[in-house]
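Colleague: Dropping in target.cif, with mmCIF, C-alpha atoms.
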```
data_upload
loop_
_atom_site.label_atom_id
_atom_site.label_comp_id
_atom_site.auth_asym_id
_atom_site.auth_seq_id
_atom_site.Cartn_x
_atom_site.Cartn_y
_atom_site.Cartn_z
CA MET S 430 92.64 84.24 45.65
CA THR S 431 91.56 87.04 47.96
CA ARG S 432 94.14 89.72 48.46
CA ALA S 433 94.61 91.32 51.88
CA MET S 434 93.86 95.03 51.71
CA THR S 435 95.99 97.54 53.64
CA ILE S 436 94.22 100.74 54.65
CA PRO S 437 96.48 103.81 54.80
CA ALA S 438 96.81 105.28 58.26
CA ALA S 439 95.44 108.63 57.08
CA ARG S 440 92.17 107.03 56.02
CA LEU S 441 91.68 105.49 59.48
CA VAL S 442 91.29 108.96 60.98
CA VAL S 443 88.33 109.93 58.79
CA PRO S 444 85.62 107.88 60.58
CA VAL S 445 86.77 109.19 63.96
CA LEU S 446 86.65 112.80 62.75
CA THR S 447 83.26 112.18 61.21
CA LEU S 448 81.93 110.92 64.53
CA ILE S 449 83.29 113.92 66.41
CA LEU S 450 81.92 116.42 63.88
CA ALA S 451 78.57 114.66 63.95
CA GLY S 452 78.40 115.15 67.70
CA VAL S 453 78.71 111.45 68.61
CA PRO S 454 80.56 111.06 71.95
CA CYS S 455 83.95 109.38 71.61
CA ALA S 456 83.20 107.37 74.76
CA THR S 457 80.68 105.35 72.76
CA ALA S 458 83.47 103.82 70.69
CA LEU S 459 85.71 103.32 73.72
CA ALA S 460 83.11 101.90 76.10
CA GLU S 461 84.47 99.43 78.64
CA PRO S 462 83.30 95.82 78.27
CA ALA S 463 80.30 94.83 80.34
CA PRO S 464 81.12 93.05 83.61
CA GLY S 465 80.68 89.35 84.15
CA THR S 466 79.47 87.45 87.22
CA VAL S 467 80.76 84.68 89.45
CA ARG S 468 78.43 82.96 91.86
CA GLY S 469 78.71 80.16 94.37
CA CYS S 470 77.99 79.09 97.94
CA VAL S 471 79.82 78.10 101.12
CA GLU S 472 78.46 75.59 103.60
CA MET S 473 79.20 74.73 107.24
CA ALA S 474 77.77 71.73 109.06
CA GLY S 475 75.10 72.76 111.53
CA HIS S 476 74.64 76.25 110.03
CA THR S 477 71.42 77.31 108.39
CA SER S 478 72.04 81.07 108.45
CA TYR S 479 75.25 82.85 107.48
CA CYS S 480 76.92 86.20 108.00
CA GLY S 481 80.07 86.98 106.06
CA VAL S 482 81.62 88.33 102.91
CA ALA S 483 82.68 87.03 99.50
CA ALA S 484 85.45 88.77 97.57
CA LEU S 485 87.54 88.87 94.40
CA TRP S 486 91.23 89.70 93.96
CA PRO S 487 92.94 90.16 90.54
CA ALA S 488 94.88 86.98 89.76
CA GLY S 489 96.96 88.38 86.91
CA GLU S 490 99.43 89.87 89.39
CA GLY S 491 100.06 86.42 90.83
CA LYS S 492 99.55 87.70 94.38
CA ALA S 493 97.20 85.24 96.00
CA PRO S 494 95.32 86.37 99.11
CA ASP S 495 96.46 84.69 102.32
CA PRO S 496 95.48 86.54 105.50
CA ARG S 497 98.04 84.58 107.53
CA ARG S 498 100.80 86.31 105.56
CA ALA S 499 99.30 89.71 104.71
CA ILE S 500 95.80 91.10 104.33
CA ARG S 501 95.15 92.28 100.80
CA PRO S 502 92.05 94.45 100.35
CA PRO S 503 89.86 92.88 97.65
CA ALA S 504 88.91 94.51 94.37
CA VAL S 505 85.26 93.51 94.83
CA SER S 506 83.39 92.38 97.94
CA ARG S 507 79.80 91.74 98.90
CA ALA S 508 77.94 90.31 101.86
CA LEU S 509 77.04 86.64 101.81
CA ALA S 510 73.34 85.91 101.53
CA SER S 511 71.75 84.32 104.59
CA ASP S 512 71.96 80.93 102.86
CA GLY S 513 75.73 81.26 102.35
CA CYS S 514 75.55 82.03 98.63
CA PHE S 515 77.01 85.00 96.78
CA SER S 516 77.06 86.72 93.41
CA LEU S 517 79.91 89.04 92.46
CA GLN S 518 80.32 91.21 89.38
CA ALA S 519 83.67 92.38 88.00
CA ALA S 520 85.36 93.50 84.81
CA PRO S 521 86.52 90.65 82.53
CA GLY S 522 89.71 88.96 83.75
CA GLU S 523 91.08 86.30 86.07
CA TYR S 524 90.34 86.52 89.78
CA PHE S 525 90.97 84.70 93.04
CA VAL S 526 87.70 83.99 94.84
CA GLY S 527 87.50 83.96 98.62
CA ALA S 528 84.90 84.06 101.37
CA ILE S 529 84.76 84.64 105.11
CA VAL S 530 82.05 83.28 107.39
CA ARG S 531 81.83 85.51 110.46
CA LEU S 532 81.81 83.62 113.74
CA THR S 533 82.93 86.70 115.66
CA GLU S 534 81.28 89.93 116.73
CA GLY S 535 81.18 92.78 114.24
CA GLY S 536 79.85 93.57 110.78
CA TRP S 537 80.25 91.56 107.60
CA GLN S 538 82.82 93.90 106.07
CA GLY S 539 86.52 94.04 106.83
CA PRO S 540 89.45 91.66 107.13
CA PRO S 541 89.07 88.28 108.84
CA ARG S 542 89.02 88.28 112.62
CA PRO S 543 90.56 85.44 114.64
CA GLY S 544 87.84 82.83 114.96
CA ASP S 545 86.25 83.43 111.55
CA MET S 546 86.19 80.70 108.90
CA ILE S 547 88.07 81.09 105.59
CA PHE S 548 86.71 79.46 102.42
CA LEU S 549 87.84 79.07 98.79
CA SER S 550 91.13 81.03 98.80
CA PRO S 551 93.24 79.71 100.26
CA ASP S 552 91.40 76.45 100.86
CA THR S 553 92.20 73.76 103.39
CA THR S 554 95.07 72.52 101.19
CA ASP S 555 96.51 76.05 100.66
CA LYS S 556 95.29 76.13 97.07
CA ASN S 557 93.32 78.98 95.56
CA VAL S 558 90.13 79.10 93.55
CA VAL S 559 90.70 81.09 90.34
CA VAL S 560 87.94 82.00 87.90
CA THR S 561 87.93 83.63 84.48
CA ILE S 562 85.19 86.24 84.24
CA ARG S 563 83.93 87.07 80.77
CA SER S 564 81.76 89.96 79.71
CA ASP S 565 78.01 89.33 80.18
CA GLU S 566 78.63 85.73 81.29
CA THR S 567 78.07 83.98 84.63
CA VAL S 568 80.45 81.44 86.13
CA ASP S 569 78.96 79.15 88.78
CA ILE S 570 81.63 77.60 91.01
CA GLY S 571 79.13 75.54 92.99
CA CYS S 572 79.03 74.82 96.72
CA HIS S 573 82.19 74.64 98.87
CA PRO S 574 81.68 72.84 102.19
CA SER S 575 85.18 73.02 103.67
CA GLY S 576 86.94 75.90 105.38
CA TRP S 577 89.53 76.59 108.07
CA THR S 578 89.66 78.79 111.17
CA TYR S 579 91.63 82.01 110.97
CA SER S 580 93.83 82.66 114.01
CA GLY S 581 95.69 85.80 112.96
CA PHE S 582 99.04 86.36 111.32
CA ALA S 583 101.18 83.23 111.20
CA SER S 584 104.25 83.10 113.42
CA THR S 585 106.84 82.89 110.71
CA GLY S 586 110.23 84.43 110.07
CA ALA S 587 108.60 87.03 107.81
CA ALA S 588 109.52 90.48 109.10
CA LEU S 589 107.62 92.64 106.62
CA THR S 590 105.56 94.29 109.32
CA ILE S 591 104.68 97.84 110.32
CA SER S 592 103.34 98.53 113.79
CA GLY S 593 102.57 101.37 116.12
CA GLN S 594 99.82 102.97 118.15
CA LEU S 595 96.70 104.91 117.21
CA THR S 596 95.73 107.68 119.62
CA GLY S 597 93.29 110.57 119.50
CA ILE S 598 94.21 114.21 119.99
CA ASP S 599 93.37 113.62 123.66
CA GLY S 600 96.15 111.03 123.85
CA LYS S 601 93.73 108.16 124.45
CA PRO S 602 94.09 104.94 122.39
CA ARG S 603 91.70 104.26 119.53
CA GLN S 604 90.49 100.66 119.24
CA GLY S 605 89.03 98.86 116.24
CA LEU S 606 90.55 101.02 113.48
CA LEU S 607 92.36 99.78 110.38
CA VAL S 608 95.67 101.04 108.97
CA PHE S 609 96.02 100.89 105.17
CA ALA S 610 99.30 100.88 103.23
CA PHE S 611 99.34 102.67 99.86
CA ALA S 612 102.04 102.69 97.20
CA ASP S 613 101.14 106.21 96.00
CA ILE S 614 101.65 109.36 98.07
CA GLU S 615 98.16 110.61 97.17
CA MET S 616 96.78 107.41 98.74
CA SER S 617 94.13 107.33 96.04
CA LYS S 618 94.87 103.98 94.40
CA GLU S 619 94.06 100.53 95.72
CA PRO S 620 95.91 99.85 99.01
CA VAL S 621 98.52 97.09 98.96
CA ALA S 622 97.71 95.83 102.46
CA VAL S 623 95.63 96.56 105.55
CA SER S 624 96.20 95.87 109.23
CA GLU S 625 94.16 93.85 111.63
CA PRO S 626 91.91 96.09 113.79
CA SER S 627 93.79 98.03 116.48
CA ASP S 628 93.52 96.52 119.97
CA SER S 629 92.31 97.95 123.27
CA ILE S 630 95.49 100.04 123.72
CA GLY S 631 95.47 101.26 120.13
CA ARG S 632 98.24 98.99 118.86
CA TYR S 633 98.04 97.83 115.24
CA LEU S 634 100.02 95.35 113.16
CA LEU S 635 100.21 95.58 109.38
CA ARG S 636 102.06 93.00 107.35
CA LEU S 637 103.17 93.68 103.77
CA PRO S 638 103.20 90.90 101.17
CA GLU S 639 106.62 92.03 99.85
CA PRO S 640 109.23 94.74 100.59
CA ALA S 641 107.91 98.16 99.61
CA THR S 642 107.79 101.87 100.32
CA VAL S 643 104.30 102.78 101.48
CA TYR S 644 102.21 105.58 102.95
CA LEU S 645 99.90 104.95 105.89
CA ARG S 646 96.35 106.05 106.55
CA ALA S 647 94.01 104.89 109.31
CA ARG S 648 90.24 104.77 109.15
CA GLU S 649 87.38 102.76 110.56
CA HIS S 650 85.89 101.62 107.26
CA PHE S 651 87.25 98.74 105.18
CA GLY S 652 85.57 99.66 101.91
CA ARG S 653 85.91 102.76 99.80
CA ARG S 654 84.79 105.84 101.70
CA SER S 655 85.54 109.46 100.96
CA PRO S 656 86.88 111.78 103.68
CA ALA S 657 83.85 113.90 102.78
CA ASP S 658 81.73 111.22 104.48
CA GLY S 659 83.50 111.81 107.78
CA GLY S 660 84.58 109.31 110.43
CA TYR S 661 87.75 108.51 112.34
CA MET S 662 90.82 109.09 110.19
CA GLY S 663 94.56 109.63 110.57
CA MET S 664 97.72 109.80 108.49
CA TYR S 665 101.34 108.99 109.20
CA GLY S 666 102.97 112.40 108.86
CA LYS S 667 101.96 115.58 110.61
CA ASP S 668 101.62 117.95 107.67
CA ALA S 669 102.22 115.61 104.72
CA PRO S 670 102.40 111.82 104.18
CA ILE S 671 105.76 110.39 105.25
CA PRO S 672 107.00 107.33 103.34
CA VAL S 673 107.78 104.15 105.24
CA THR S 674 110.28 101.81 103.59
CA VAL S 675 110.11 98.19 104.69
CA GLY S 676 112.96 95.98 103.54
CA ALA S 677 113.59 92.30 104.03
CA ASP S 678 114.54 92.90 107.67
CA GLY S 679 111.34 94.78 108.42
CA ASP S 680 110.59 98.16 109.97
CA LYS S 681 112.57 99.04 113.07
CA GLN S 682 110.43 101.72 114.73
CA ASP S 683 106.90 102.47 115.83
CA ARG S 684 104.76 104.32 113.32
CA ASN S 685 102.25 106.12 115.49
CA LEU S 686 99.23 107.91 114.02
CA THR S 687 97.06 110.61 115.55
CA ILE S 688 93.39 109.97 114.89
CA TYR S 689 90.87 112.73 114.25
CA LEU S 690 87.10 112.61 114.21
CA ILE S 691 86.10 114.29 110.96
CA PRO S 692 82.43 115.28 110.59
CA PRO S 693 80.67 114.65 107.28
CA LEU S 694 81.09 117.40 104.71
CA SER S 695 77.39 118.30 104.99
CA GLY S 696 77.85 118.76 108.73
CA ARG S 697 80.97 120.83 108.22
CA GLN S 698 79.16 123.13 105.82
CA LYS S 699 76.38 123.56 108.35
CA GLN S 700 78.86 124.34 111.11
CA VAL S 701 80.60 126.95 108.97
CA THR S 702 77.26 128.54 108.12
CA GLU S 703 76.12 128.63 111.73
CA SER S 704 79.43 129.93 113.06
CA SER S 705 79.92 132.64 110.42
CA PRO S 706 79.59 136.10 111.96
CA ARG S 707 76.53 137.99 110.87
CA GLN S 708 77.15 141.18 108.94
CA LYS S 709 75.92 144.34 110.57
CA LYS S 710 73.27 146.23 108.72
CA ASN S 711 74.16 149.83 107.88
#
```
Hey, can you dump this file as structure tokens for me?
Modeller:
Amino acid sequence: MTRAMTIPAARLVVPVLTLILAGVPCATALAEPAPGTVRGCVEMAGHTSYCGVAALWPAGEGKAPDPRRAIRPPAVSRALASDGCFSLQAAPGEYFVGAIVRLTEGGWQGPPRPGDMIFLSPDTTDKNVVVTIRSDETVDIGCHPSGWTYSGFASTGAALTISGQLTGIDGKPRQGLLVFAFADIEMSKEPVAVSEPSDSIGRYLLRLPEPATVYLRAREHFGRRSPADGGYMGMYGKDAPIPVTVGADGDKQDRNLTIYLIPPLSGRQKQVTESSPRQKKN
């Protein structure tokens, strides 16, 4: 009979110390697992060329994406190929899969716009497509030929909304910008929700998936983009982020944001260099 052998805790440290003393990076032993891939296609009758986006949302949290209720920014997104197919890579785990076919003006990125078609999650029966992604493996979910037309937030009794106006320092409204809600004051983690684009008078509407205290930031880009890259940006709070608490009865006041045009960091450095006073020669 084979006896199980217990290794004393002190002996477990020796290999690690040996690796460190030998100059082997610790990260080698703690490397993250390789990503996996999910691929598939969407199809619409009469369409031979597609513009849109496919996306993944973590399913472990149990928070399925439904843009009629709240717009959850995805963990991974990528443009659809012209034939309606997609290939997405992500860390191992369970994910909701969704896709938008753009039938409206504008780029492929961003939340759905009224008139776009929604595929996969939620589908026409309000069910969601969930996949398990494994390291170095590919999951093919096939072709999905049915979708539904997005018409904006549903008119329900849900009151978990934040709204207000976006204006520039000149007081004029800013159209087409997005307002993101973050759970952390640094606004560095994944946002919990994003608004529909602001309208012609700068009004925005952001709906949260559940009651929460959030911090608001506006920008024109849906994906990750550093303030160093510049663009239109704004924050709720003049000198520091101000928390907004939305309970079951919703938010009772306008949350207005002033929008600034921030030049790219490279441009700012150039401006500083050009505007710096020249030193007089003695």
Colleague: May I have the protein, DNA and RNA residues with an atom at most 9 Å from (85.4, 97.1, 77.0), counting all atoms listed in the file in the file's coordinates, returned as a PyMOL selection string?
Modeller: chain S and resi 459-464+520-521+564
Colleague: May I ask which of the residues S:Leu509, S:Ile500, S:Ala488, S:Leu595 is the closest one to Ala610 in chain S, counting all atoms listed in the file?
Modeller: S:Ile500
Colleague: Expressed in Å to a single decimal, how great is the separation between CA of Pro494 in chain S and CA of Ser506 in chain S?
Modeller: 13.4 Å
Colleague: Excluding Ile529 in chain S and its own-chain neighbours fewer than 6 positions away, which residues fall within 6 Å of it when counting all atoms listed in the file? Please give them as a count of residues only.
Modeller: 4
Colleague: Give the centre and edge lengths of an axis-aligned box, in Å to one decimal, that holds all listed atoms of range 488-504 of chain S with 5 Å on each side, as lines of an AutoDock Vina configuration file.
Modeller:
```
center_x = 94.9
center_y = 89.5
center_z = 97.2
size_x = 21.9
size_y = 19.9
size_z = 30.6
```
Colleague: Please enumerate the residues selected by the PyMOL selection byres ((chain S and resi 560) around 6) when evaluated against the supplied file, formatted as a PyMOL selection string.
Modeller: chain S and resi 523-524+559+561
Colleague: Which one of S:Val530, S:Leu637, S:Ile598, S:Leu686 sits closest to Arg542 in chain S if you count all atoms listed in the file?
Modeller: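 Residue with the minimum atom-to-atom distance to Arg542 in chain S: S:Val530.
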Colleague: Determine the residue set returned by the PyMOL selection byres ((chain S and resi 594) around 8) for the present structure, and present it as a PyMOL selection string.
Modeller: chain S and resi 592-593+595-596+602+627+630-633+683-686
Colleague: Rebuild range 666-694 of chain S so that it carries N, CA and C atoms, then output the result as a compact mmCIF listing (two decimals), keeping the file's coordinate frame.
Modeller:
```txt
# COMPACT_ATOMS: atom_id res chain seq x y z
N GLY S 666 102.37 111.17 109.34
CA GLY S 666 102.97 112.40 108.86
C GLY S 666 102.12 113.55 109.35
N LYS S 667 102.73 114.50 110.00
CA LYS S 667 101.96 115.58 110.61
C LYS S 667 101.32 116.49 109.58
N ASP S 668 102.13 117.01 108.66
CA ASP S 668 101.62 117.95 107.67
C ASP S 668 101.51 117.36 106.27
N ALA S 669 102.23 116.27 106.02
CA ALA S 669 102.22 115.61 104.72
C ALA S 669 102.56 114.15 104.92
N PRO S 670 102.10 113.26 104.02
CA PRO S 670 102.40 111.82 104.18
C PRO S 670 103.91 111.57 104.19
N ILE S 671 104.35 110.76 105.14
CA ILE S 671 105.76 110.39 105.25
C ILE S 671 105.93 108.95 104.77
N PRO S 672 106.83 108.69 103.83
CA PRO S 672 107.00 107.33 103.34
C PRO S 672 107.63 106.41 104.39
N VAL S 673 107.21 105.18 104.37
CA VAL S 673 107.78 104.15 105.24
C VAL S 673 108.34 103.06 104.34
N THR S 674 109.64 102.83 104.41
CA THR S 674 110.28 101.81 103.59
C THR S 674 110.53 100.57 104.43
N VAL S 675 109.97 99.47 103.98
CA VAL S 675 110.11 98.19 104.69
C VAL S 675 110.91 97.25 103.81
N GLY S 676 112.11 96.91 104.26
CA GLY S 676 112.96 95.98 103.54
C GLY S 676 112.80 94.57 104.05
N ALA S 677 113.68 93.71 103.64
CA ALA S 677 113.59 92.30 104.03
C ALA S 677 113.71 92.10 105.53
N ASP S 678 114.38 93.04 106.22
CA ASP S 678 114.54 92.90 107.67
C ASP S 678 113.47 93.66 108.44
N GLY S 679 112.46 94.17 107.75
CA GLY S 679 111.34 94.78 108.42
C GLY S 679 111.54 96.24 108.79
N ASP S 680 110.57 96.77 109.51
CA ASP S 680 110.59 98.16 109.97
C ASP S 680 111.05 98.17 111.42
N LYS S 681 111.92 99.09 111.77
CA LYS S 681 112.57 99.04 113.07
C LYS S 681 112.02 100.03 114.09
N GLN S 682 110.95 100.75 113.77
CA GLN S 682 110.43 101.72 114.73
C GLN S 682 108.92 101.78 114.69
N ASP S 683 108.35 102.31 115.77
CA ASP S 683 106.90 102.47 115.83
C ASP S 683 106.46 103.57 114.88
N ARG S 684 105.37 103.32 114.20
CA ARG S 684 104.76 104.32 113.32
C ARG S 684 103.42 104.69 113.93
N ASN S 685 103.44 105.72 114.76
CA ASN S 685 102.25 106.12 115.49
C ASN S 685 101.44 107.14 114.69
N LEU S 686 100.12 107.01 114.74
CA LEU S 686 99.23 107.91 114.02
C LEU S 686 98.28 108.58 114.98
N THR S 687 98.07 109.88 114.79
CA THR S 687 97.06 110.61 115.55
C THR S 687 95.74 110.55 114.80
N ILE S 688 94.69 110.18 115.51
CA ILE S 688 93.39 109.97 114.89
C ILE S 688 92.46 111.16 115.18
N TYR S 689 91.79 111.62 114.13
CA TYR S 689 90.87 112.73 114.25
C TYR S 689 89.46 112.28 113.89
N LEU S 690 88.49 112.86 114.56
CA LEU S 690 87.10 112.61 114.21
C LEU S 690 86.67 113.71 113.25
N ILE S 691 86.45 113.33 111.99
CA ILE S 691 86.10 114.29 110.96
C ILE S 691 84.60 114.21 110.70
N PRO S 692 83.87 115.31 110.87
CA PRO S 692 82.43 115.28 110.59
C PRO S 692 82.17 115.18 109.10
N PRO S 693 81.00 114.69 108.71
CA PRO S 693 80.67 114.65 107.28
C PRO S 693 80.72 116.04 106.67
N LEU S 694 80.98 116.11 105.38
CA LEU S 694 81.09 117.40 104.71
C LEU S 694 79.82 118.23 104.88
```
